[in-house]
Amino acid sequence: MSIDGNIQEERTPFERIVYRIEEFWSDNTYEASCVELDMVGFGDTSEEARSALRAQVVGYLEDCDELGALEDVLIDAGFYDNGAVWMSSRLTPVPDPIIRYFGRPADPWTAQGTDPVEGIEHET
């Protein structure tokens with residue numbers, strides 16, 4: 001709880017860790033694998049397998065954090081801190097979008113003198 005009495009969610013450091021989950025169907029069960037941390041979760045559905053894997057990852061990372069070894073474990077597993085999150089080096093970051101303009105976009109306010117959504121007239 002904060003000083004002003006509002007309830008705040010406590011964020012764990014594990015919400016800042018981005019890793020890849022690979023999924024497989026094997027022997028009538030779903031498998032979800034985190035290659036970076038060498039962990040596997042199993043389930044009757046894909047979601048159950050991912051959920052089991054996430055629980056294992058969080059439990060392991062909590063133990064590492066309690067031992068004061070979280071940062072070293074992440075670095076050894078190939079993660080890097082990009083300032084916002086710990087990112088797996090096995091993941092390719094999504095590039096910034098490329099926005100291209102062709103021609104000069106018309107200004108609907110001055111071109112028509114009205115707001116096309118509201119039909120409100122504006123001074124031009």
# chains A, B, ... in the order shown; residues from 1 in each chain; ligands from 1

$ residues_around --residues "A:Val85" --least-positions-apart "6" --cutoff "7 Å" --atoms "only C-alpha atoms" --output "PyMOL selection string"
chain A and resi 16-18

$ residues_around --residues "A:Thr29" --least-positions-apart "5" --cutoff "10 Å" --atoms "only C-alpha atoms" --output "tab-separated table (two decimals) with C-alpha atoms, in the first residue's frame"
chain	number	residue	atom	x	y	z
A	24	PHE	CA	5.73	-29.02	-28.97
A	42	PHE	CA	3.80	-30.05	-19.62
A	43	GLY	CA	0.02	-29.98	-19.94
A	44	ASP	CA	-3.06	-31.40	-21.61
A	45	THR	CA	-3.42	-28.14	-23.55
A	46	SER	CA	-0.97	-25.64	-24.95
A	49	ALA	CA	1.95	-26.31	-20.68

$ closest_residue --among "A:Tyr19, A:Trp25, A:Tyr60, A:Tyr30" --to "A:Leu91" --atoms "only C-alpha atoms"
A:Tyr19

$ atom_distance --atom1 "atom CA of A:Cys64" --atom2 "atom CA of A:Glu47"
25.6 Å

$ atom_distance --atom1 "atom CA of A:Ala52" --atom2 "atom CA of A:Ala32"
8.2 Å

$ residues_around --residues "stretch 65-80 of chain A" --least-positions-apart "2" --cutoff "12 Å" --atoms "only C-alpha atoms" --output "count of residues only"
31

$ closest_residue --among "A:Asp96, A:Glu15, A:Asp81, A:Glu31" --to "A:Arg50" --atoms "only C-alpha atoms"
A:Glu31
